[in-house]
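Beneath this line is the structure, given in structure tokens, with notes to follow.
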Amino acid sequence: MTATWWQRSTVYQIYPRSFNDSNGDGVGDIPGIIEKLDYLVDLGIDIIWLSPVYQSPNDDNGYDISDYYAIMSDFGTMEDMERLIAEAHKRNLALIMDLVINHTSDEHPWFREASTSRSNPYRDFYIWRSGDEGPPSDLRSVFSGSAWEYDAKTDAYYFHLFSRKQPDLNLHNQDVRQKIYEMMRYWLEKGINGFRMDVIDLIGKEVDRGIIANGPKLHEYLQEMNKEVLAPYRDAIMTVGETPSVDPEQAKLYTRPDRHELDMVFTFEHMSLDEVAGEGKWALKPLDLRDLKQVLSKWQTALHKEGWNSLYWNNHDQPRIVSRWGDDTVYRVKSAKMLATVLHLLQGTPYIYQGEEIGMTNTTFNNSEDFKDIEMINMYHERIEQGDDPADIMASIQAKGRDHARTPMQWNDGHEAGFTTGEPWMKVNPNYREINAEAAMRDPESIYHYYKQLIQLRKNYEIIVHGSYQLVDAEHAEVFAYVRTLGSEKLLVVANFYTGEPHFEWPEELRELTTDILISNYEDPPGGQKDIKLRPYEAVVYLLNPVTSQC
Ligand code: TEU
């Protein structure tokens with residue numbers, strides 16, 4: 001069975017500000033990334049996703065772009081970027097860039113022009129409405145407050161789903177779309193290998209009808225983009241859409257190959273299982289493992305042969321998974337490996353977020369003055385003004401704040417974790433003396449080496465790439481187990497999500513098959529094929545009926 005290159009690849013996400021600082025100014029940069037490419041080669045990844053490096057006033061750390069054709073000076077120059085592309089390619093690493101087209105910065109020349117007068121030719125590049133009695137509607141910004149900002153000069157409101165410094169573009173305007181395509185071609189011609197498309201499910205919004213995600217014209221626009229920009233590069237590039245509001249049925253529309261839109265999308269459904277339904281990310285609720293099994297299984301089944309999944313636990317917007325659903329103290333190593341096992345044996349393209357491969361943990365927020373992230377800052381102040389209990393607000397931020405993901409990468413146990421020779425823009429997590437890449441590379445039992453194995457398994461076993469999926473024992477509250485099947489071969493993945501010692505019953509039909517153990521986070525995993533008892537966070541992958549279909 002043939003697979004497209006990105007179907008057996010693993011992606012590594014770099015958040016440039018916090019990855020590696022080469023010039024001692026405390027901010028990560030592109031030359032710093034180049035210094036670490038060999039580290040990524042050693043890890044075995046195939047594709048780098050680079051969070052935005054474009055010129056930006058940094059209201060949202062680069063997700064507010066003021067020039068799509070320039071590199072943020074904190075990060076380096078266009079020559080540095082060209083060198084990064086070339087150095088990555090030399091090492092057989094593909095590189096995809098973040099494409100942020102739902103909005104620009106308010107400092108982008110288009111917006112500057114648009115806000116000079118109602119008749120400016122760029123006016124319609126953005127979404128303006130008049131409002132005699134206040135904001136045109138009660139739509140809210142993801143970063144707190146109204147989504148409408150009043151502009152006194154032209155006596156109108158502009159729409160911004162994120163910060164007020166991120167005005168939404170009007171993608172219904174054909175000129176806007178053409179400008180975007182031009183810009184995408186510019187980057188593809190520089191040799192990049194595709195795009196991660198920021199909140200792409202929002203670009204068809206129709207604010208007057210209150211439709212924000214999955215607007216009626218969205219797929220028409222994606223097909224147009226595909227035809228005009230992506231198609232000529234077909235097999236040389238990959239695309240992944242960030243789609244917070246998409247369910248599996250909609251995901252098929254985005255990713256079914258015959259529709260010529262995107263290669264895959266990021267689901268958010270599993271990321272919202274520890275929040276009170278409908279109340280947003282800050283309303284905390286403990287995870288029920290059965291929900292997680294149900295949601296991931298639904299996506300696995302729906303997209304099998306109908307589209308393609310992206311697999312992730314972490315990114316720059318999410319707390320660290322080992323702190324969130326693992327145990328970041330006694331069982332840090334075991335639980336990080338268990339979580340990685342569950343994810344990396346699924347069908348789809350796995351994404352590793354910087355530091356995940358060494359089991360980096362959440363940090364501790366003591367003081368709101370240390371917050372860097374606009375989402376956390378705005379939410380904190382809004383709730384304080386509403387009179388909420390500061391302790392409750394801090395509890396939400398401690399659980400879900402985006403800054404957890406953005407503490408500097410921990411390279412070694414030296415000055416500022418080896419991230420910078422200067423003062424880092426954001427505090428390093430104090431646990432860097434124990435948790436760092438150098439230590440992890442030295443220790444053959446580390447999380448790092450386990451990730452390396454998982455990445456290689458995907459390259460070697462056809463069944464991981466193409467096998468069908470079946471959940472086992474949906475009601476088991478502590479164990480996540482599933483079977484992958486390809487021809488007569490099967491994989492059984494069994495993972496204990498907690499510190500207890502639960503029993504797990506092998507499915508009847510698997511009990512007579514010949515069995516190899518493919519990988520486990522314990523040295524001596526249970527070999528019995530009936531009723532097994534698992535140890536804390538134990539994960540085992542059994543290969544049944546091996547047919548040496550290694551690819
Ligand atoms: O995130 C989109 C998104 O939906 C965010 O609201 C994200 O899920 C949020 O942090 C959850 O609380 C993308 C980027 O990944 C994010 O970093 C940007 O801030 C956002 O778009 C705006 O560009």
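Ordered as shown in the structure tokens, chains take letters A, B, and onward, while each chain numbers its residues from 1 and ligands are numbered from 1 in the order shown.
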
Practice item. Would you mind listing the residues within 8 Å of ligand 1, counting only C-alpha atoms and all ligand atoms, as a list in words? Key: Asp60, Asn61, Tyr63, Asp64, Val100, Asn102, His103, Val142, Phe143, Phe162, Gln166, Asp198, Val199, Glu242, Thr243, Pro244, Phe268, Lys281, Asn315, His316, Asp317, Gln318, Glu375, Gly401 and Arg402 of chain A

Writer output for current selection, N, CA, C and O atoms, as a tab-separated table (two decimals), in the first residue's frame:
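For reference, part-v4.tsv as written:
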```tsv
chain	number	residue	atom	x	y	z
A	60	ASP	N	0.19	39.13	19.93
A	60	ASP	CA	-0.14	37.71	20.15
A	60	ASP	C	1.04	36.87	19.67
A	60	ASP	O	0.86	35.88	18.96
A	61	ASN	N	2.24	37.29	20.04
A	61	ASN	CA	3.47	36.56	19.70
A	61	ASN	C	3.54	36.10	18.25
A	61	ASN	O	3.79	34.92	17.98
A	63	TYR	N	1.21	35.94	15.92
A	63	TYR	CA	-0.06	35.60	15.25
A	63	TYR	C	-0.82	36.88	14.85
A	63	TYR	O	-1.98	36.84	14.46
A	64	ASP	N	-0.13	37.99	14.98
A	64	ASP	CA	-0.63	39.29	14.52
A	64	ASP	C	0.42	39.83	13.56
A	64	ASP	O	1.42	40.40	13.96
A	100	VAL	N	-1.38	32.68	8.66
A	100	VAL	CA	-2.38	33.35	9.49
A	100	VAL	C	-3.13	34.35	8.62
A	100	VAL	O	-2.65	35.45	8.38
A	102	ASN	N	-6.78	34.65	8.85
A	102	ASN	CA	-8.08	35.06	9.38
A	102	ASN	C	-8.05	36.54	9.75
A	102	ASN	O	-9.06	37.23	9.75
A	103	HIS	N	-6.84	37.00	10.10
A	103	HIS	CA	-6.68	38.39	10.56
A	103	HIS	C	-5.26	38.83	10.26
A	103	HIS	O	-4.38	38.01	10.00
A	142	VAL	N	-12.38	35.87	21.37
A	142	VAL	CA	-11.80	34.72	22.08
A	142	VAL	C	-10.91	35.22	23.23
A	142	VAL	O	-10.75	34.55	24.24
A	143	PHE	N	-10.36	36.41	23.06
A	143	PHE	CA	-9.48	36.97	24.08
A	143	PHE	C	-10.21	37.96	24.99
A	143	PHE	O	-9.66	38.98	25.39
A	162	PHE	N	-10.04	37.84	17.72
A	162	PHE	CA	-8.97	37.68	18.71
A	162	PHE	C	-8.70	39.07	19.30
A	162	PHE	O	-9.65	39.77	19.62
A	166	GLN	N	-5.83	42.50	16.24
A	166	GLN	CA	-5.90	41.47	15.20
A	166	GLN	C	-7.22	41.59	14.43
A	166	GLN	O	-8.09	40.71	14.53
A	198	ASP	N	-3.79	28.71	10.36
A	198	ASP	CA	-4.37	29.18	11.61
A	198	ASP	C	-5.89	29.39	11.46
A	198	ASP	O	-6.34	30.01	10.49
A	199	VAL	N	-6.64	28.91	12.44
A	199	VAL	CA	-8.12	29.03	12.47
A	199	VAL	C	-8.77	29.13	11.09
A	199	VAL	O	-9.60	30.00	10.84
A	242	GLU	N	-5.95	24.36	11.12
A	242	GLU	CA	-6.35	24.42	12.52
A	242	GLU	C	-7.84	24.72	12.54
A	242	GLU	O	-8.27	25.77	12.07
A	243	THR	N	-8.62	23.79	13.08
A	243	THR	CA	-10.08	23.90	12.95
A	243	THR	C	-10.77	23.63	14.30
A	243	THR	O	-11.31	22.54	14.52
A	244	PRO	N	-10.77	24.62	15.18
A	244	PRO	CA	-11.33	24.40	16.52
A	244	PRO	C	-12.80	23.98	16.52
A	244	PRO	O	-13.24	23.32	17.45
A	268	PHE	N	-10.20	19.70	17.89
A	268	PHE	CA	-10.08	20.25	19.25
A	268	PHE	C	-10.95	19.50	20.23
A	268	PHE	O	-10.97	19.80	21.42
A	281	LYS	N	-12.88	27.15	27.94
A	281	LYS	CA	-11.71	26.43	28.45
A	281	LYS	C	-11.39	26.67	29.91
A	281	LYS	O	-10.70	25.87	30.54
A	315	ASN	N	0.43	21.76	21.91
A	315	ASN	CA	0.93	22.77	20.98
A	315	ASN	C	1.17	24.03	21.81
A	315	ASN	O	1.13	23.97	23.05
A	316	HIS	N	1.41	25.13	21.15
A	316	HIS	CA	1.76	26.37	21.88
A	316	HIS	C	0.56	26.99	22.59
A	316	HIS	O	0.73	28.00	23.27
A	317	ASP	N	-0.62	26.44	22.40
A	317	ASP	CA	-1.83	26.98	23.06
A	317	ASP	C	-2.30	26.10	24.22
A	317	ASP	O	-3.27	26.44	24.89
A	318	GLN	N	-1.68	24.97	24.41
A	318	GLN	CA	-2.19	23.99	25.37
A	318	GLN	C	-1.23	23.79	26.54
A	318	GLN	O	-0.02	23.88	26.36
A	375	GLU	N	-4.09	36.17	26.04
A	375	GLU	CA	-5.34	35.51	26.43
A	375	GLU	C	-5.46	35.43	27.95
A	375	GLU	O	-6.50	35.72	28.54
A	401	GLY	N	-3.52	27.77	31.23
A	401	GLY	CA	-2.86	28.93	30.61
A	401	GLY	C	-1.92	28.55	29.48
A	401	GLY	O	-1.20	27.54	29.55
A	402	ARG	N	-1.90	29.37	28.46
A	402	ARG	CA	-1.06	29.08	27.29
A	402	ARG	C	0.43	29.27	27.58
A	402	ARG	O	1.27	28.70	26.89
```

Practice item. Determine which residues of segment 285-487 of chain A receive a DSSP assignment of strand (DSSP E or B), computed from the backbone, and state them as a PyMOL selection string. Key: chain A and resi 309-311+349-353+461+468-472+479-486

Keeping only N, CA and C atoms, write those residues as an mmCIF file, in the first residue's frame.
```
data_model
loop_
_atom_site.group_PDB
_atom_site.id
_atom_site.type_symbol
_atom_site.label_atom_id
_atom_site.label_comp_id
_atom_site.auth_asym_id
_atom_site.auth_seq_id
_atom_site.Cartn_x
_atom_site.Cartn_y
_atom_site.Cartn_z
ATOM 1 N N ASN A 309 -6.240 12.096 9.861
ATOM 2 C CA ASN A 309 -6.198 12.740 11.169
ATOM 3 C C ASN A 309 -4.838 13.372 11.457
ATOM 4 N N SER A 310 -4.845 14.436 12.212
ATOM 5 C CA SER A 310 -3.636 14.949 12.865
ATOM 6 C C SER A 310 -3.735 14.477 14.306
ATOM 7 N N LEU A 311 -2.613 14.044 14.858
ATOM 8 C CA LEU A 311 -2.629 13.505 16.218
ATOM 9 C C LEU A 311 -1.791 14.407 17.114
ATOM 10 N N THR A 349 -1.210 11.692 11.345
ATOM 11 C CA THR A 349 0.151 12.231 11.392
ATOM 12 C C THR A 349 0.383 12.821 12.774
ATOM 13 N N PRO A 350 1.338 12.270 13.533
ATOM 14 C CA PRO A 350 1.571 12.794 14.881
ATOM 15 C C PRO A 350 2.364 14.100 14.885
ATOM 16 N N TYR A 351 2.025 14.945 15.817
ATOM 17 C CA TYR A 351 2.718 16.220 16.027
ATOM 18 C C TYR A 351 3.325 16.209 17.425
ATOM 19 N N ILE A 352 4.599 16.599 17.476
ATOM 20 C CA ILE A 352 5.282 16.717 18.771
ATOM 21 C C ILE A 352 5.561 18.198 18.973
ATOM 22 N N TYR A 353 5.201 18.716 20.121
ATOM 23 C CA TYR A 353 5.485 20.127 20.388
ATOM 24 C C TYR A 353 6.781 20.250 21.185
ATOM 25 N N TYR A 461 6.286 0.064 10.199
ATOM 26 C CA TYR A 461 5.116 -0.815 10.218
ATOM 27 C C TYR A 461 3.942 -0.194 9.466
ATOM 28 N N SER A 468 -6.914 -0.395 10.209
ATOM 29 C CA SER A 468 -8.193 0.130 10.689
ATOM 30 C C SER A 468 -8.152 0.155 12.211
ATOM 31 N N TYR A 469 -9.167 0.736 12.819
ATOM 32 C CA TYR A 469 -9.133 0.990 14.260
ATOM 33 C C TYR A 469 -10.379 0.439 14.922
ATOM 34 N N GLN A 470 -10.136 -0.158 16.080
ATOM 35 C CA GLN A 470 -11.300 -0.607 16.855
ATOM 36 C C GLN A 470 -11.033 -0.436 18.341
ATOM 37 N N LEU A 471 -11.937 0.256 19.017
ATOM 38 C CA LEU A 471 -11.803 0.459 20.457
ATOM 39 C C LEU A 471 -12.142 -0.832 21.178
ATOM 40 N N VAL A 472 -11.412 -1.100 22.270
ATOM 41 C CA VAL A 472 -11.708 -2.286 23.086
ATOM 42 C C VAL A 472 -12.201 -1.810 24.446
ATOM 43 N N VAL A 479 -8.415 2.077 31.658
ATOM 44 C CA VAL A 479 -7.546 1.565 30.597
ATOM 45 C C VAL A 479 -8.054 2.009 29.227
ATOM 46 N N PHE A 480 -7.130 2.506 28.410
ATOM 47 C CA PHE A 480 -7.429 2.840 27.023
ATOM 48 C C PHE A 480 -6.792 1.734 26.185
ATOM 49 N N ALA A 481 -7.619 0.939 25.525
ATOM 50 C CA ALA A 481 -7.084 -0.142 24.698
ATOM 51 C C ALA A 481 -7.748 -0.113 23.330
ATOM 52 N N TYR A 482 -6.973 -0.379 22.304
ATOM 53 C CA TYR A 482 -7.546 -0.465 20.955
ATOM 54 C C TYR A 482 -6.766 -1.436 20.100
ATOM 55 N N VAL A 483 -7.416 -1.841 19.027
ATOM 56 C CA VAL A 483 -6.813 -2.777 18.087
ATOM 57 C C VAL A 483 -6.703 -2.094 16.732
ATOM 58 N N ARG A 484 -5.562 -2.273 16.092
ATOM 59 C CA ARG A 484 -5.410 -1.833 14.698
ATOM 60 C C ARG A 484 -5.293 -3.103 13.854
ATOM 61 N N THR A 485 -5.884 -3.098 12.682
ATOM 62 C CA THR A 485 -5.887 -4.303 11.851
ATOM 63 C C THR A 485 -5.495 -3.979 10.421
ATOM 64 N N LEU A 486 -4.586 -4.796 9.879
ATOM 65 C CA LEU A 486 -4.260 -4.693 8.456
ATOM 66 C C LEU A 486 -4.076 -6.103 7.942
#
```

Point to revise | Contacts of Ser73 of chain A within 10 Å, only C-alpha atoms, excl. fewer than 5 positions in-chain, as a list of chain:residue names | key: A:Asp29, A:Val53, A:Tyr54, A:Gln55, A:Ser56, A:Met78

**Study point:** Contacts of Asp403 of chain A at 9 Å (only C-alpha atoms; same-chain gap of 5+ positions) as a PyMOL selection string
**Key:** chain A and resi 316-319+362-363+371-373+376+426

Emit the selected residues as a CSV table (one decimal), in the first residue's frame, including N, CA and C atoms.
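Dumped everything to selection.csv:
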```csv
chain,number,residue,atom,x,y,z
A,316,HIS,N,1.4,25.1,21.2
A,316,HIS,CA,1.8,26.4,21.9
A,316,HIS,C,0.6,27.0,22.6
A,317,ASP,N,-0.6,26.4,22.4
A,317,ASP,CA,-1.8,27.0,23.1
A,317,ASP,C,-2.3,26.1,24.2
A,318,GLN,N,-1.7,25.0,24.4
A,318,GLN,CA,-2.2,24.0,25.4
A,318,GLN,C,-1.2,23.8,26.5
A,319,PRO,N,-1.8,23.5,27.7
A,319,PRO,CA,-0.9,23.1,28.8
A,319,PRO,C,-0.1,21.8,28.5
A,362,ASN,N,4.2,21.6,33.0
A,362,ASN,CA,3.7,23.0,33.3
A,362,ASN,C,4.6,23.7,34.3
A,363,THR,N,4.5,25.0,34.3
A,363,THR,CA,5.2,25.8,35.2
A,363,THR,C,4.3,26.2,36.4
A,371,PHE,N,2.5,37.0,33.7
A,371,PHE,CA,1.8,36.5,32.5
A,371,PHE,C,2.4,37.2,31.3
A,372,LYS,N,2.6,36.5,30.2
A,372,LYS,CA,3.0,37.0,29.0
A,372,LYS,C,1.9,37.0,27.9
A,373,ASP,N,1.1,36.0,28.1
A,373,ASP,CA,0.1,35.7,27.0
A,373,ASP,C,-1.1,36.6,27.1
A,376,MET,N,-4.4,35.1,28.6
A,376,MET,CA,-4.4,35.0,30.1
A,376,MET,C,-4.5,36.3,30.7
A,426,MET,N,11.0,35.0,28.9
A,426,MET,CA,10.0,34.4,29.8
A,426,MET,C,10.8,33.5,30.7
```

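Taking only C-alpha atoms, the non-local environment of Leu50 of chain A within 8 Å (same-chain residues fewer than 2 positions away omitted) comprises Gln13, Ile14, Tyr15, Pro16, Ile48, Pro52, Val53, Leu95, Ile96, Met97 and Asp98 of chain A.
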
The selected residues should be written to file as an mmCIF file, in the first residue's frame (atoms: N, CA and C atoms).
```cif
data_model
loop_
_atom_site.group_PDB
_atom_site.id
_atom_site.type_symbol
_atom_site.label_atom_id
_atom_site.label_comp_id
_atom_site.auth_asym_id
_atom_site.auth_seq_id
_atom_site.Cartn_x
_atom_site.Cartn_y
_atom_site.Cartn_z
ATOM 1 N N GLN A 13 6.755 20.711 16.137
ATOM 2 C CA GLN A 13 6.394 22.130 16.127
ATOM 3 C C GLN A 13 7.404 22.961 16.901
ATOM 4 N N ILE A 14 7.865 24.013 16.249
ATOM 5 C CA ILE A 14 8.784 24.960 16.899
ATOM 6 C C ILE A 14 8.070 26.284 17.141
ATOM 7 N N TYR A 15 8.122 26.739 18.367
ATOM 8 C CA TYR A 15 7.608 28.068 18.730
ATOM 9 C C TYR A 15 8.862 28.938 18.865
ATOM 10 N N PRO A 16 9.195 29.683 17.808
ATOM 11 C CA PRO A 16 10.545 30.245 17.693
ATOM 12 C C PRO A 16 10.983 31.098 18.890
ATOM 13 N N ILE A 48 9.127 20.000 10.035
ATOM 14 C CA ILE A 48 9.091 21.045 11.062
ATOM 15 C C ILE A 48 7.909 21.963 10.751
ATOM 16 N N PRO A 52 4.588 31.358 13.608
ATOM 17 C CA PRO A 52 4.896 32.523 12.771
ATOM 18 C C PRO A 52 6.240 33.211 13.065
ATOM 19 N N VAL A 53 6.950 33.512 11.973
ATOM 20 C CA VAL A 53 8.212 34.258 12.084
ATOM 21 C C VAL A 53 8.130 35.587 11.327
ATOM 22 N N LEU A 95 9.802 21.653 5.775
ATOM 23 C CA LEU A 95 9.481 22.766 6.665
ATOM 24 C C LEU A 95 8.161 23.407 6.238
ATOM 25 N N ILE A 96 7.226 23.460 7.175
ATOM 26 C CA ILE A 96 5.974 24.133 6.853
ATOM 27 C C ILE A 96 5.833 25.389 7.724
ATOM 28 N N MET A 97 5.218 26.392 7.148
ATOM 29 C CA MET A 97 5.062 27.656 7.868
ATOM 30 C C MET A 97 3.624 27.843 8.320
ATOM 31 N N ASP A 98 3.472 28.674 9.341
ATOM 32 C CA ASP A 98 2.146 29.028 9.808
ATOM 33 C C ASP A 98 1.569 30.048 8.844
#
```

Practice item. May I have the residues within 6 Å of segment 432-449 of chain A as an NGL selection string, using only C-alpha atoms and disregarding those fewer than 6 positions away in the same chain? Key: :A and (357-358 or 410-413 or 417)

Residue selection dump (N, CA, C and O atoms) as a PDB file, in the first residue's frame:
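Result written to selection_15.pdb:
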```
ATOM      1  N   GLU A 357       8.998  15.933  23.882  1.00  0.00           N
ATOM      2  CA  GLU A 357       9.826  14.730  23.741  1.00  0.00           C
ATOM      3  C   GLU A 357      10.786  14.532  24.912  1.00  0.00           C
ATOM      4  O   GLU A 357      11.418  13.485  25.023  1.00  0.00           O
ATOM      5  N   ILE A 358      10.912  15.521  25.786  1.00  0.00           N
ATOM      6  CA  ILE A 358      11.709  15.308  26.996  1.00  0.00           C
ATOM      7  C   ILE A 358      10.813  15.402  28.243  1.00  0.00           C
ATOM      8  O   ILE A 358      11.296  15.484  29.357  1.00  0.00           O
ATOM      9  N   GLN A 410      14.185  23.527  27.337  1.00  0.00           N
ATOM     10  CA  GLN A 410      15.227  23.180  28.309  1.00  0.00           C
ATOM     11  C   GLN A 410      16.290  22.290  27.650  1.00  0.00           C
ATOM     12  O   GLN A 410      16.083  21.088  27.475  1.00  0.00           O
ATOM     13  N   TRP A 411      17.396  22.917  27.287  1.00  0.00           N
ATOM     14  CA  TRP A 411      18.437  22.191  26.541  1.00  0.00           C
ATOM     15  C   TRP A 411      19.427  21.488  27.452  1.00  0.00           C
ATOM     16  O   TRP A 411      19.893  20.411  27.149  1.00  0.00           O
ATOM     17  N   ASN A 412      19.808  22.158  28.547  1.00  0.00           N
ATOM     18  CA  ASN A 412      20.794  21.531  29.451  1.00  0.00           C
ATOM     19  C   ASN A 412      20.616  22.102  30.852  1.00  0.00           C
ATOM     20  O   ASN A 412      19.684  22.888  31.091  1.00  0.00           O
ATOM     21  N   ASP A 413      21.500  21.726  31.768  1.00  0.00           N
ATOM     22  CA  ASP A 413      21.316  22.170  33.154  1.00  0.00           C
ATOM     23  C   ASP A 413      22.150  23.419  33.470  1.00  0.00           C
ATOM     24  O   ASP A 413      22.364  23.769  34.617  1.00  0.00           O
ATOM     25  N   ALA A 417      18.947  27.142  31.345  1.00  0.00           N
ATOM     26  CA  ALA A 417      18.652  25.879  30.654  1.00  0.00           C
ATOM     27  C   ALA A 417      19.293  25.794  29.270  1.00  0.00           C
ATOM     28  O   ALA A 417      18.877  25.001  28.426  1.00  0.00           O
TER      29      ALA A 417
END
```

Practice item. Apply DSSP to the structure's backbone, then extract all residues of segment 176-367 of chain A labelled helix (DSSP H, G or I) and return them as a PyMOL selection string. Key: chain A and resi 176-189+200-202+207-209+218-236+248-255+257-259+269-272+289-303+321-324+332-344+356-358

Review point. Taking only C-alpha atoms into account, which of A:His219, A:His89, A:Arg8, A:Asn20 comes nearest Asn460 of chain A?
Key: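 The answer is A:Arg8, which sits nearest to Asn460 of chain A.
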
**Study point:** Selection: 10 Å around Ser105 of chain A, only C-alpha atoms, excl. self and same-chain fewer than 2 positions, as number ranges by chain
**Key:** A: 55-60, 62-67, 103, 107-112, 163-169

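Of the listed residues (A:Ile464, A:Val322, A:Ala3, A:Ile200), A:Val322 comes nearest to Lys337 of chain A; the distances count only C-alpha atoms.
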
Check your understanding: When you draw a straight line from atom CA of Asp80 of chain A to atom CA of Ile455 of chain A, how long is it in Å?
Key ->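 Here the two named atoms are 28.6 Å from each other.
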